[in-house]
>>> print(open('start_30.cif').read())   # mmCIF, C-alpha atoms
data_data
loop_
_atom_site.label_atom_id
_atom_site.label_comp_id
_atom_site.auth_asym_id
_atom_site.auth_seq_id
_atom_site.Cartn_x
_atom_site.Cartn_y
_atom_site.Cartn_z
CA MET A 83 65.23 96.83 102.73
CA GLY A 84 64.63 93.56 104.55
CA GLN A 85 65.75 92.89 108.09
CA GLN A 86 68.52 94.85 109.74
CA LEU A 87 71.71 93.25 110.98
CA GLU A 88 72.54 94.54 114.41
CA TYR A 89 76.30 94.58 114.24
CA LEU A 90 78.23 97.56 115.52
CA LYS A 91 80.99 99.13 113.47
CA GLU A 92 84.55 99.01 114.77
CA THR A 93 85.85 102.27 116.24
CA PRO A 94 88.00 103.83 113.52
CA SER A 95 91.72 104.12 114.08
CA GLN A 96 93.65 107.36 114.45
CA THR A 97 97.38 107.88 114.47
CA ALA A 98 99.20 107.35 117.76
CA GLY A 99 100.89 110.70 117.14
CA PRO A 100 104.37 111.80 118.19
CA TYR A 101 103.73 111.59 121.94
CA VAL A 102 102.60 107.97 122.17
CA HIS A 103 105.30 107.42 124.80
CA ILE A 104 103.40 109.51 127.36
CA GLY A 105 100.66 106.94 127.41
CA LEU A 106 102.48 103.70 126.72
CA ALA A 107 106.05 104.32 127.92
CA PRO A 108 106.06 107.48 130.06
CA GLY A 109 109.66 106.92 131.20
CA ALA A 110 110.75 107.49 127.62
CA ALA A 111 108.68 110.68 127.45
CA GLY A 112 110.75 111.90 130.38
CA PHE A 113 108.76 111.32 133.56
CA GLU A 114 108.03 108.64 136.14
CA ILE A 115 104.40 108.09 137.02
CA TYR A 116 103.57 104.36 137.26
CA ASP A 117 105.02 101.89 139.72
CA GLN A 118 105.54 99.56 136.79
CA GLU A 119 105.56 100.24 133.09
CA LEU A 120 104.23 97.39 130.99
CA GLY A 121 106.01 95.50 128.24
CA TRP A 122 109.67 95.77 129.25
CA ASP A 123 110.22 92.09 129.93
CA ILE A 124 108.89 89.87 127.17
CA ALA A 125 110.11 86.44 128.25
CA GLY A 126 110.71 86.73 132.00
CA PRO A 127 113.54 85.06 133.90
CA ASN A 128 112.23 81.49 133.75
CA ALA A 129 111.63 81.08 130.03
CA LYS A 130 113.42 78.17 128.39
CA GLY A 131 115.01 78.41 124.99
CA GLU A 132 117.66 80.49 123.31
CA ARG A 133 118.09 84.02 124.64
CA ILE A 134 118.25 86.41 121.71
CA ARG A 135 118.38 90.12 120.97
CA VAL A 136 116.35 91.59 118.14
CA GLU A 137 117.28 95.00 116.79
CA GLY A 138 116.45 97.18 113.86
CA MET A 139 115.19 100.45 112.51
CA VAL A 140 111.99 101.62 110.85
CA ALA A 141 112.72 103.68 107.73
CA ASP A 142 110.32 106.03 105.98
CA GLY A 143 109.95 106.64 102.25
CA THR A 144 113.01 108.91 102.18
CA GLY A 145 115.13 106.20 103.81
CA SER A 146 115.30 108.16 107.07
CA PRO A 147 114.77 106.51 110.45
CA VAL A 148 111.34 106.92 112.02
CA LYS A 149 112.52 108.09 115.41
CA ASP A 150 109.16 108.34 117.15
CA VAL A 151 107.87 104.87 116.30
CA LEU A 152 106.59 102.42 118.92
CA LEU A 153 106.39 98.70 118.27
CA GLU A 154 104.67 95.92 120.12
CA ALA A 155 105.85 92.34 119.89
CA TRP A 156 103.73 89.21 120.43
CA GLN A 157 105.25 85.76 120.41
CA ALA A 158 104.96 82.18 121.62
CA ASN A 159 107.46 80.61 123.98
CA ALA A 160 110.15 78.16 122.90
CA ASN A 161 107.55 75.37 122.84
CA GLY A 162 105.29 77.31 120.50
CA ILE A 163 102.71 78.15 123.18
CA TYR A 164 101.15 81.59 123.61
CA ALA A 165 100.49 82.93 127.10
CA HIS A 166 96.75 83.08 126.49
CA PRO A 167 93.88 81.01 127.90
CA GLU A 168 92.63 80.01 124.45
CA HIS A 169 95.96 78.45 123.48
CA GLY A 170 96.37 75.01 125.02
CA GLY A 171 99.47 74.41 127.08
CA GLU A 172 101.48 76.00 129.83
CA VAL A 173 104.07 78.73 129.62
CA GLU A 174 106.86 79.39 132.11
CA ASP A 175 106.01 81.50 135.13
CA GLY A 176 106.62 85.12 134.16
CA PHE A 177 106.51 84.49 130.40
CA ARG A 178 104.12 86.97 128.81
CA GLY A 179 105.31 86.94 125.23
CA TRP A 180 104.36 90.59 124.75
CA GLY A 181 106.57 93.62 124.76
CA ARG A 182 106.78 97.28 123.94
CA VAL A 183 109.72 98.56 121.98
CA ILE A 184 110.73 102.19 121.65
CA THR A 185 113.54 103.79 119.72
CA ASP A 186 116.53 105.80 120.67
CA PHE A 187 115.14 109.26 119.84
CA GLU A 188 118.45 110.37 118.31
CA SER A 189 119.20 107.41 116.05
CA GLY A 190 115.85 105.66 115.58
CA GLU A 191 117.46 102.32 116.48
CA TRP A 192 115.45 99.90 118.63
CA SER A 193 116.13 96.55 120.22
CA PHE A 194 114.58 94.05 122.58
CA ASP A 195 115.67 90.91 124.42
CA THR A 196 113.59 87.77 124.45
CA VAL A 197 113.75 84.03 123.81
CA LYS A 198 113.48 82.62 120.34
CA PRO A 199 109.92 81.33 119.87
CA GLY A 200 109.21 77.77 118.75
CA PRO A 201 107.11 76.74 115.77
CA VAL A 202 103.36 77.28 116.32
CA THR A 203 100.55 75.10 115.02
CA GLY A 204 98.67 77.06 112.40
CA ARG A 205 95.42 76.57 110.55
CA ASN A 206 94.37 73.01 109.84
CA GLY A 207 97.36 71.66 111.72
CA GLN A 208 99.96 73.18 109.39
CA MET A 209 103.05 74.23 111.29
CA MET A 210 104.12 77.87 111.20
CA ALA A 211 107.82 78.63 111.35
CA PRO A 212 109.04 80.45 114.49
CA HIS A 213 107.99 84.08 114.23
CA ILE A 214 107.30 87.21 116.24
CA SER A 215 104.26 89.30 115.37
CA LEU A 216 104.93 93.04 115.33
CA TRP A 217 102.53 95.97 115.44
CA ILE A 218 103.91 99.37 114.49
CA VAL A 219 102.44 102.77 115.37
CA ALA A 220 103.75 106.30 114.96
CA ARG A 221 102.89 109.79 113.86
CA GLY A 222 101.87 109.54 110.21
CA ILE A 223 100.68 105.92 110.52
CA ASN A 224 96.90 106.08 110.44
CA VAL A 225 96.23 102.43 111.27
CA GLY A 226 98.79 100.33 113.16
CA LEU A 227 100.82 98.16 110.79
CA ASN A 228 101.03 94.40 111.32
CA THR A 229 103.99 92.37 110.18
CA ARG A 230 105.88 89.22 111.20
CA LEU A 231 109.54 88.65 111.90
CA TYR A 232 110.94 85.26 110.82
CA PHE A 233 114.43 83.90 111.51
CA GLU A 234 117.21 83.45 108.95
CA ASP A 235 118.45 80.22 110.51
CA GLU A 236 115.05 78.53 110.09
CA ALA A 237 115.28 78.18 106.31
CA GLU A 238 113.53 74.83 106.15
CA ALA A 239 110.64 75.87 108.41
CA ASN A 240 110.36 79.20 106.61
CA ALA A 241 110.10 77.43 103.26
CA ALA A 242 107.12 75.44 104.58
CA ASP A 243 105.47 78.32 106.44
CA PRO A 244 101.88 78.82 105.24
CA VAL A 245 101.91 82.58 105.87
CA LEU A 246 105.16 83.26 104.02
CA GLY A 247 103.70 81.02 101.32
CA VAL A 248 100.82 83.46 100.80
CA ILE A 249 103.33 86.08 99.62
CA GLU A 250 103.72 85.35 95.94
CA TRP A 251 106.98 87.29 95.45
CA GLU A 252 110.06 85.51 96.79
CA ARG A 253 111.83 88.86 96.94
CA ARG A 254 109.18 90.33 99.22
CA ARG A 255 109.28 87.33 101.56
CA GLN A 256 112.87 88.27 102.27
CA THR A 257 111.69 91.49 103.93
CA LEU A 258 110.35 89.37 106.80
CA ILE A 259 113.55 87.42 107.48
CA ALA A 260 115.70 88.73 110.35
CA ARG A 261 119.47 88.32 109.75
CA ARG A 262 121.44 86.50 112.41
CA SER A 263 124.84 87.43 113.76
CA GLU A 264 126.63 87.05 117.07
CA ARG A 265 127.84 89.76 119.40
CA ASP A 266 129.65 89.00 122.66
CA GLY A 267 128.52 85.40 122.34
CA GLN A 268 124.86 86.36 122.08
CA PRO A 269 122.72 85.84 118.98
CA VAL A 270 121.50 89.10 117.50
CA TYR A 271 118.82 89.29 114.80
CA ARG A 272 118.64 92.39 112.64
CA PHE A 273 115.19 93.34 111.34
CA ASP A 274 114.86 96.63 109.48
CA ILE A 275 111.37 97.69 108.49
CA ARG A 276 110.86 99.81 105.39
CA LEU A 277 107.55 101.65 105.15
CA GLN A 278 108.01 102.44 101.44
CA GLY A 279 110.35 101.84 98.54
CA GLY A 280 111.66 98.95 96.50
CA ASP A 281 112.19 96.82 99.59
CA GLU A 282 108.95 97.81 101.29
CA THR A 283 108.30 95.41 104.17
CA VAL A 284 105.33 93.11 103.79
CA PHE A 285 102.47 94.28 106.02
CA PHE A 286 99.48 92.09 106.71
CA ASP A 287 95.78 92.69 107.00
CA ILE A 288 95.17 90.29 109.85
CA MET B 148 71.23 71.30 125.65
CA THR B 149 73.97 72.13 123.21
CA THR B 150 77.19 73.75 124.28
CA PRO B 151 77.62 77.25 122.90
CA PRO B 152 79.91 77.43 119.88
CA LYS B 153 83.46 78.45 120.64
CA PRO B 154 84.53 81.86 119.40
CA GLY B 155 86.57 81.67 116.23
CA GLU B 156 88.15 84.14 113.88
CA PHE B 157 87.72 87.88 114.05
CA TYR B 158 85.52 89.62 111.54
CA GLN B 159 87.55 91.15 108.80
CA ARG B 160 88.57 94.73 109.48
CA ASP B 161 86.64 97.12 107.22
CA ARG B 162 89.54 98.97 105.63
CA ARG B 163 87.20 101.44 103.93
CA TRP B 164 85.89 102.53 107.34
CA HIS B 165 89.36 103.14 108.77
CA PRO B 166 91.58 105.89 107.35
CA PRO B 167 93.70 104.89 104.37
CA ALA B 168 97.45 104.74 104.99
CA LEU B 169 98.04 107.70 102.68
CA SER B 170 96.14 110.95 103.24
CA GLN B 171 97.72 113.85 101.37
CA ASP B 172 96.44 116.51 103.77
CA TYR B 173 98.05 114.78 106.73
CA LYS B 174 101.53 115.40 105.42
CA THR B 175 103.48 113.04 107.67
CA SER B 176 101.51 110.11 106.27
CA VAL B 177 102.97 110.72 102.81
CA THR B 178 106.38 109.25 103.61
CA ARG B 179 105.13 106.82 106.27
CA SER B 180 102.38 105.03 104.34
CA PRO B 181 103.06 101.67 102.71
CA ARG B 182 102.40 101.86 98.97
CA LEU B 183 101.89 98.17 98.30
CA PRO B 184 98.65 96.44 99.25
CA LEU B 185 98.43 94.73 102.62
CA ILE B 186 98.60 90.94 102.33
CA SER B 187 95.38 89.47 103.70
CA LEU B 188 95.81 86.68 106.23
CA GLU B 189 93.29 84.31 107.70
CA ASN B 190 93.56 84.30 111.49
CA THR B 191 95.88 81.83 113.17
CA ALA B 192 96.69 81.38 116.84
CA SER B 193 99.16 84.27 116.47
CA GLU B 194 96.33 86.71 115.74
CA ILE B 195 93.55 85.24 117.91
CA THR B 196 95.65 85.32 121.06
CA GLY B 197 97.06 88.43 122.67
CA PRO B 198 98.51 89.67 125.93
CA VAL B 199 96.47 89.23 129.09
CA PHE B 200 96.63 91.83 131.86
CA GLY B 201 95.54 91.64 135.46
CA HIS B 202 95.08 93.86 138.46
CA SER B 203 98.64 93.18 139.57
CA ASP B 204 99.86 95.04 136.46
CA ILE B 205 98.38 98.40 137.37
CA ASP B 206 97.45 100.43 140.43
CA ALA B 207 93.92 101.38 141.43
CA GLY B 208 94.68 105.11 141.14
CA ASP B 209 96.19 104.92 137.66
CA ASN B 210 92.87 106.01 136.11
CA ASP B 211 92.70 109.29 138.03
CA LEU B 212 94.71 111.87 136.11
CA LEU B 213 93.57 114.54 138.58
CA SER B 214 95.70 112.88 141.26
CA ASN B 215 98.14 110.42 139.69
CA PHE B 216 100.85 113.04 139.16
CA ALA B 217 99.73 115.86 141.46
CA GLY B 218 101.59 116.86 144.59
CA PRO B 219 99.93 116.21 147.96
CA GLY B 220 96.84 118.40 148.27
CA GLU B 221 97.37 119.77 144.75
CA SER B 222 95.29 119.46 141.62
CA PRO B 223 95.91 120.19 137.94
CA ILE B 224 94.46 123.33 136.36
CA GLY B 225 91.61 122.90 133.90
CA GLU B 226 88.05 121.74 133.44
CA ARG B 227 87.53 118.67 135.63
CA ILE B 228 85.99 115.87 133.58
CA ILE B 229 85.03 112.22 133.83
CA VAL B 230 85.49 110.13 130.69
CA HIS B 231 83.59 106.89 130.89
CA GLY B 232 82.05 104.27 128.64
CA ARG B 233 82.16 100.65 127.63
CA VAL B 234 84.39 98.55 125.43
CA LEU B 235 82.21 96.36 123.22
CA ASP B 236 82.82 94.17 120.22
CA GLU B 237 81.00 94.33 116.89
CA ASN B 238 78.48 91.81 118.25
CA ALA B 239 77.69 94.40 120.98
CA ARG B 240 79.10 92.09 123.63
CA PRO B 241 81.15 93.67 126.42
CA VAL B 242 84.91 93.17 126.37
CA PRO B 243 85.78 92.60 130.04
CA ASN B 244 89.14 92.86 131.75
CA THR B 245 90.87 94.58 128.86
CA LEU B 246 93.50 97.26 129.24
CA VAL B 247 92.56 100.82 128.24
CA GLU B 248 95.36 103.40 128.26
CA ILE B 249 95.00 107.12 127.57
CA TRP B 250 97.31 110.07 127.11
CA GLN B 251 96.66 113.74 126.46
CA ALA B 252 97.89 117.32 126.59
CA ASN B 253 97.12 119.43 129.65
CA ALA B 254 94.57 122.25 129.74
CA SER B 255 96.93 124.60 127.90
CA GLY B 256 97.55 122.15 125.09
CA ARG B 257 101.01 121.10 126.23
CA TYR B 258 102.25 117.53 126.48
CA ARG B 259 104.61 116.33 129.18
CA HIS B 260 107.08 114.97 126.62
CA LYS B 261 110.69 115.90 126.09
CA LYS B 262 109.98 116.47 122.41
CA ASP B 263 107.07 118.90 122.92
CA THR B 264 108.24 122.52 122.86
CA TYR B 265 104.91 124.33 122.53
CA LEU B 266 104.51 127.69 124.30
CA GLY B 267 101.65 126.42 126.46
CA ALA B 268 102.78 125.94 130.04
CA LEU B 269 103.46 122.60 131.64
CA ASP B 270 101.33 121.93 134.69
CA PRO B 271 103.43 120.60 137.57
CA ASN B 272 100.42 118.64 138.82
CA PHE B 273 99.51 116.94 135.57
CA GLY B 274 101.29 113.97 133.98
CA GLY B 275 98.79 113.28 131.22
CA CYS B 276 98.46 109.50 131.16
CA GLY B 277 96.19 106.94 132.75
CA ARG B 278 95.21 103.30 132.46
CA VAL B 279 92.51 100.98 133.68
CA LEU B 280 91.09 97.49 133.12
CA THR B 281 87.46 97.24 132.02
CA ASP B 282 85.14 95.56 134.50
CA GLU B 283 83.00 92.50 133.80
CA ASN B 284 80.53 94.66 131.83
CA GLY B 285 83.27 96.19 129.72
CA SER B 286 82.91 99.52 131.57
CA TYR B 287 85.79 101.87 132.30
CA HIS B 288 86.19 105.38 133.65
CA PHE B 289 88.87 108.01 133.99
CA ARG B 290 88.99 111.35 135.74
CA THR B 291 91.09 114.07 134.12
CA VAL B 292 91.08 117.65 132.87
CA LYS B 293 89.80 118.59 129.45
CA PRO B 294 92.83 118.95 127.19
CA GLY B 295 93.45 122.19 125.33
CA ALA B 296 93.65 122.60 121.57
CA TYR B 297 97.17 123.15 120.23
CA PRO B 298 98.88 124.11 116.98
CA TRP B 299 100.91 121.64 114.96
CA ARG B 300 103.10 121.80 111.91
CA ASN B 301 101.12 120.55 108.96
CA TRP B 302 99.56 123.49 107.19
CA VAL B 303 100.99 126.53 108.91
CA ASN B 304 97.84 127.34 110.88
CA ASP B 305 96.55 123.86 111.78
CA TRP B 306 95.19 123.29 115.28
CA ARG B 307 94.32 119.95 116.77
CA PRO B 308 90.86 119.79 118.33
CA ALA B 309 90.91 118.91 122.03
CA HIS B 310 91.50 115.17 122.10
CA ILE B 311 92.55 112.24 124.24
CA HIS B 312 94.54 109.38 122.74
CA VAL B 313 93.07 105.97 123.55
CA SER B 314 94.78 102.57 123.29
CA VAL B 315 92.82 99.32 123.68
CA PHE B 316 93.85 95.67 123.52
CA GLY B 317 90.83 93.34 123.43
CA SER B 318 91.55 89.62 123.78
CA GLY B 319 93.45 89.01 120.54
CA PHE B 320 96.37 90.77 118.87
CA ALA B 321 94.11 91.29 115.84
CA GLN B 322 91.92 93.64 117.93
CA ARG B 323 94.73 96.00 118.89
CA LEU B 324 93.58 99.57 118.33
CA ILE B 325 94.72 103.12 118.94
CA THR B 326 92.37 105.99 118.31
CA GLN B 327 91.52 109.50 119.51
CA LEU B 328 88.56 110.82 121.46
CA TYR B 329 87.15 114.24 120.52
CA PHE B 330 84.62 116.37 122.38
CA GLU B 331 81.10 117.18 121.24
CA GLY B 332 80.71 120.67 119.81
CA ASP B 333 84.37 121.42 119.07
CA PRO B 334 84.58 123.52 115.87
CA LEU B 335 88.13 122.31 115.23
CA ILE B 336 87.02 118.72 114.61
CA ALA B 337 85.71 119.40 111.12
CA ARG B 338 88.89 121.30 110.16
CA CYS B 339 91.39 118.73 111.38
CA PRO B 340 93.46 116.92 108.73
CA ILE B 341 93.96 113.96 111.10
CA VAL B 342 90.24 113.60 111.78
CA ASN B 343 89.66 113.97 108.06
CA THR B 344 91.86 111.00 107.22
CA ILE B 345 88.66 109.07 108.03
CA PRO B 346 86.57 109.01 104.86
CA ASP B 347 83.11 108.34 106.32
CA PRO B 348 81.46 111.07 108.46
CA GLU B 349 79.59 108.36 110.36
CA ALA B 350 82.91 106.86 111.40
CA VAL B 351 84.06 110.26 112.66
CA GLU B 352 80.91 110.46 114.79
CA MET B 353 82.12 107.35 116.63
CA LEU B 354 85.12 109.33 117.87
CA ILE B 355 83.14 112.22 119.38
CA ALA B 356 82.42 111.81 123.08
CA ARG B 357 79.01 113.06 124.20
CA LEU B 358 78.33 115.31 127.13
CA ASP B 359 76.69 113.06 129.75
CA MET B 360 74.98 115.15 132.41
CA ASN B 361 73.63 112.08 134.21
CA ALA B 362 77.16 110.83 134.89
CA SER B 363 78.36 114.27 135.97
CA ILE B 364 78.94 114.97 139.64
CA PRO B 365 77.14 118.22 140.55
CA LEU B 366 79.44 121.04 141.71
CA ASP B 367 82.47 118.82 141.03
CA THR B 368 83.12 117.13 137.66
CA ILE B 369 81.41 117.09 134.26
CA ALA B 370 81.17 113.83 132.34
CA TYR B 371 81.65 112.67 128.75
CA ARG B 372 80.64 109.27 127.46
CA PHE B 373 82.85 107.39 125.01
CA ASP B 374 82.12 103.82 123.95
CA ILE B 375 84.76 101.87 122.06
CA VAL B 376 84.02 99.04 119.62
CA LEU B 377 86.61 96.37 118.84
CA ARG B 378 86.45 93.71 116.14
CA GLY B 379 83.89 90.99 116.77
CA ARG B 380 84.39 87.26 116.47
CA ARG B 381 82.63 84.65 114.45
CA SER B 382 81.22 81.60 116.17
CA THR B 383 82.77 78.35 114.99
CA LEU B 384 79.49 77.00 113.63
CA PHE B 385 80.77 75.33 110.50
CA GLU B 386 84.32 76.54 110.68
CA ASN B 387 87.45 74.95 109.34
CA ARG B 388 89.35 73.90 112.39
CA LEU B 389 91.99 76.48 113.20
CA GLU B 390 94.20 73.95 114.92
CA GLY B 391 94.59 70.25 115.36
CA ASN B 392 94.31 67.70 112.60
#
>>> encode(input="start_30.cif", output="structure tokens")
Amino acid sequence: MGQQLEYLKETPSQTAGPYVHIGLAPGAAGFEIYDQELGWDIAGPNAKGERIRVEGMVADGTGSPVKDVLLEAWQANANGIYAHPEHGGEVEDGFRGWGRVITDFESGEWSFDTVKPGPVTGRNGQMMAPHISLWIVARGINVGLNTRLYFEDEAEANAADPVLGVIEWERRRQTLIARRSERDGQPVYRFDIRLQGGDETVFFDI
Amino acid sequence: MTTPPKPGEFYQRDRRWHPPALSQDYKTSVTRSPRLPLISLENTASEITGPVFGHSDIDAGDNDLLSNFAGPGESPIGERIIVHGRVLDENARPVPNTLVEIWQANASGRYRHKKDTYLGALDPNFGGCGRVLTDENGSYHFRTVKPGAYPWRNWVNDWRPAHIHVSVFGSGFAQRLITQLYFEGDPLIARCPIVNTIPDPEAVEMLIARLDMNASIPLDTIAYRFDIVLRGRRSTLFENRLEGN
């Protein structure tokens, strides 16, 4: 047999189930317990850059909204810096770059407010187009799903993005592009996520 | 003396160890499972970094479910338990200062959630959630009541084993994990379609907390031990540089 490697195995994932809100967003479950719930303010008041709203829906294989989904967002600031000690550079006071997003239980629609991230230096110095990483959990999802949201108005940067470039089908790349519009003078990006079907969203094994 | 190598990318997630997206016997997964293969990505800064939490984010009593929702002088009904353990990575190194969040049903198997309509009674003194940061050794502990089993609509007579949902961050977004803790000796574990989404029985064993008499408090609270393992990281020995030029 030879020598043994002494690595541990990762704890296996289990679905977050329908009541994930109790643990991660108890206010949405219907009760107040913590002095502060985490993840409601992604950018904070001091963040520079364009203030945007992102909204969308997660649809299942029948085309119906997944009303009990919870998403987490992770993004850099407008200068492309993550609020993390291993990423060089400063972020604005109060900028965390992480948020929790829950749906309206009746419609399945979700939205969050943040600043538009800047381009981030990727592997070997290649620039990545502005993007927000998303992690999606719900009843029926056995392992949280990872995807990335890119911005429609960054066509040039998107075309050069090394991660989008890994996706060989142009048509599938389009599932990661949020569509821009304006509402009451504010930019709104629409990002619908499809778990199955002809326009199934690209999910990554990161 | 050489400087220790900087940590680099995370070890690839073993997708054969985790449940597959589609498990026919867990019916809800049928319409919620992607059918196309995941696209494999090499880690970038977006995956290696992740949110950082500190003691200003939470309160010291958030990890005590016996008291964090109870009225003054009151206590929830049920078996008083301690759940404790360590968060480690695949290199068996502790993961310090990481956020662990839990949620669970009460002793009668009822969740405090506006969408739960099970017959089991709500307990006015039990909220059902807690959170804590691991210490410098990766250790954490909660105090709670043992949750009850409850029925759910899958097959008509399916019952979930007693379980506590556990959410862990680690240091990078690539380590993000949600799982469930089960209790040693529960006959419902082997029958559960959600447990059985996991193909390898050894992987299921990792989700079963062990009775830990040494950590129990005599005449007060009984303890279960539950260690959590997150993805490990490679050392940048001969690595392509992730950043820079």
>>> interface_residues(input="start_30.cif", of="chain A", to="chain B", cutoff="6 Å", atoms="all atoms listed in the file", output="tab-separated table (two decimals) with C-alpha atoms, in the coordinates of the input")
chain	number	residue	atom	x	y	z
A	89	TYR	CA	76.30	94.58	114.24
A	90	LEU	CA	78.23	97.56	115.52
A	91	LYS	CA	80.99	99.13	113.47
A	92	GLU	CA	84.55	99.01	114.77
A	93	THR	CA	85.85	102.27	116.24
A	94	PRO	CA	88.00	103.83	113.52
A	95	SER	CA	91.72	104.12	114.08
A	96	GLN	CA	93.65	107.36	114.45
A	105	GLY	CA	100.66	106.94	127.41
A	111	ALA	CA	108.68	110.68	127.45
A	112	GLY	CA	110.75	111.90	130.38
A	142	ASP	CA	110.32	106.03	105.98
A	143	GLY	CA	109.95	106.64	102.25
A	166	HIS	CA	96.75	83.08	126.49
A	204	GLY	CA	98.67	77.06	112.40
A	205	ARG	CA	95.42	76.57	110.55
A	206	ASN	CA	94.37	73.01	109.84
A	207	GLY	CA	97.36	71.66	111.72
A	222	GLY	CA	101.87	109.54	110.21
A	224	ASN	CA	96.90	106.08	110.44
A	277	LEU	CA	107.55	101.65	105.15
A	278	GLN	CA	108.01	102.44	101.44
A	285	PHE	CA	102.47	94.28	106.02
A	286	PHE	CA	99.48	92.09	106.71
A	287	ASP	CA	95.78	92.69	107.00
A	288	ILE	CA	95.17	90.29	109.85
>>> atom_distance(input="start_30.cif", atom1="atom CA of Gly155 of chain B", atom2="atom CA of Ile163 of chain A")
17.9 Å
>>> resolve_selection(input="start_30.cif", expression="the PyMOL selection byres ((chain A and resi 119-124) around 8)", output="count of residues only")
18
>>> atom_distance(input="start_30.cif", atom1="atom CA of Arg133 of chain A", atom2="atom CA of Ile218 of chain A")
23.2 Å
>>> atom_distance(input="start_30.cif", atom1="atom CA of Val248 of chain A", atom2="atom CA of Thr97 of chain A")
28.2 Å
>>> resolve_selection(input="start_30.cif", expression="the PyMOL selection byres ((chain B and resi 242) around 8)", output="list in words")
Val234, Leu235, Asp236, Arg240, Pro241, Pro243, Asn244, Thr245, Thr281, Glu283, Asn284, Gly285, Gly317 and Ser318 of chain B
>>> write_last_selection(input="start_30.cif", atoms="C-alpha atoms", output="mmCIF file, in the frame of the given file")
data_model
loop_
_atom_site.group_PDB
_atom_site.id
_atom_site.type_symbol
_atom_site.label_atom_id
_atom_site.label_comp_id
_atom_site.auth_asym_id
_atom_site.auth_seq_id
_atom_site.Cartn_x
_atom_site.Cartn_y
_atom_site.Cartn_z
ATOM 1 C CA VAL B 234 84.390 98.550 125.430
ATOM 2 C CA LEU B 235 82.210 96.360 123.220
ATOM 3 C CA ASP B 236 82.820 94.170 120.220
ATOM 4 C CA ARG B 240 79.100 92.090 123.630
ATOM 5 C CA PRO B 241 81.150 93.670 126.420
ATOM 6 C CA PRO B 243 85.780 92.600 130.040
ATOM 7 C CA ASN B 244 89.140 92.860 131.750
ATOM 8 C CA THR B 245 90.870 94.580 128.860
ATOM 9 C CA THR B 281 87.460 97.240 132.020
ATOM 10 C CA GLU B 283 83.000 92.500 133.800
ATOM 11 C CA ASN B 284 80.530 94.660 131.830
ATOM 12 C CA GLY B 285 83.270 96.190 129.720
ATOM 13 C CA GLY B 317 90.830 93.340 123.430
ATOM 14 C CA SER B 318 91.550 89.620 123.780
#
>>> residues_around(input="start_30.cif", residues="Asp175 of chain A", least_positions_apart="5", cutoff="9 Å", atoms="only C-alpha atoms", output="ChimeraX atom specification")
/A:126-129
>>> write_last_selection(input="start_30.cif", atoms="C-alpha atoms", output="PDB file, keeping the file's coordinate frame")
ATOM      1  CA  GLY A 126     110.710  86.730 132.000  1.00  0.00           C
ATOM      2  CA  PRO A 127     113.540  85.060 133.900  1.00  0.00           C
ATOM      3  CA  ASN A 128     112.230  81.490 133.750  1.00  0.00           C
ATOM      4  CA  ALA A 129     111.630  81.080 130.030  1.00  0.00           C
TER       5      ALA A 129
END
>>> residues_around(input="start_30.cif", residues="Leu335 of chain B", least_positions_apart="2", cutoff="9 Å", atoms="only C-alpha atoms", output="NGL selection string")
:B and (296 or 306-309 or 332-333 or 337-339)
>>> resolve_selection(input="start_30.cif", expression="the PyMOL selection byres ((chain A and resi 230) around 12)", output="JSON, numbers by chain")
{"A": [153, 154, 155, 156, 157, 210, 211, 212, 213, 214, 215, 216, 217, 218, 227, 228, 229, 231, 232, 233, 240, 243, 245, 246, 255, 256, 257, 258, 259, 260, 273, 274, 275, 283, 284, 285, 286, 287, 288], "B": [186, 188, 193, 194]}
>>> axis_aligned_box(input="start_30.cif", around="segment 334-348 of chain B", padding_each_side="3 Å", output="JSON")
{"center_x": 87.7, "center_y": 115.9, "center_z": 110.4, "size_x": 18.5, "size_y": 21.2, "size_z": 17.0}
>>> residues_around(input="start_30.cif", residues="Val270 of chain A", least_positions_apart="5", cutoff="10 Å", atoms="all atoms listed in the file", output="list in words")
Arg133, Ile134, Arg135, Val136, Glu137, Ser193, Phe194, Asp195, Ala260, Arg261, Arg262, Ser263, Glu264 and Arg265 of chain A
>>> residues_around(input="start_30.cif", residues="Gly225 of chain B", least_positions_apart="2", cutoff="8 Å", atoms="only C-alpha atoms", output="PDB file with C-alpha atoms, keeping the file's coordinate frame")
ATOM      1  CA  PRO B 223      95.910 120.190 137.940  1.00  0.00           C
ATOM      2  CA  ARG B 227      87.530 118.670 135.630  1.00  0.00           C
ATOM      3  CA  ASN B 253      97.120 119.430 129.650  1.00  0.00           C
ATOM      4  CA  ALA B 254      94.570 122.250 129.740  1.00  0.00           C
ATOM      5  CA  VAL B 292      91.080 117.650 132.870  1.00  0.00           C
ATOM      6  CA  LYS B 293      89.800 118.590 129.450  1.00  0.00           C
ATOM      7  CA  PRO B 294      92.830 118.950 127.190  1.00  0.00           C
TER       8      PRO B 294
END
>>> closest_residue(input="start_30.cif", among="A:Met139, A:Ala220, A:Ile104, A:Val173", to="Glu191 of chain A", atoms="all atoms listed in the file")
A:Met139
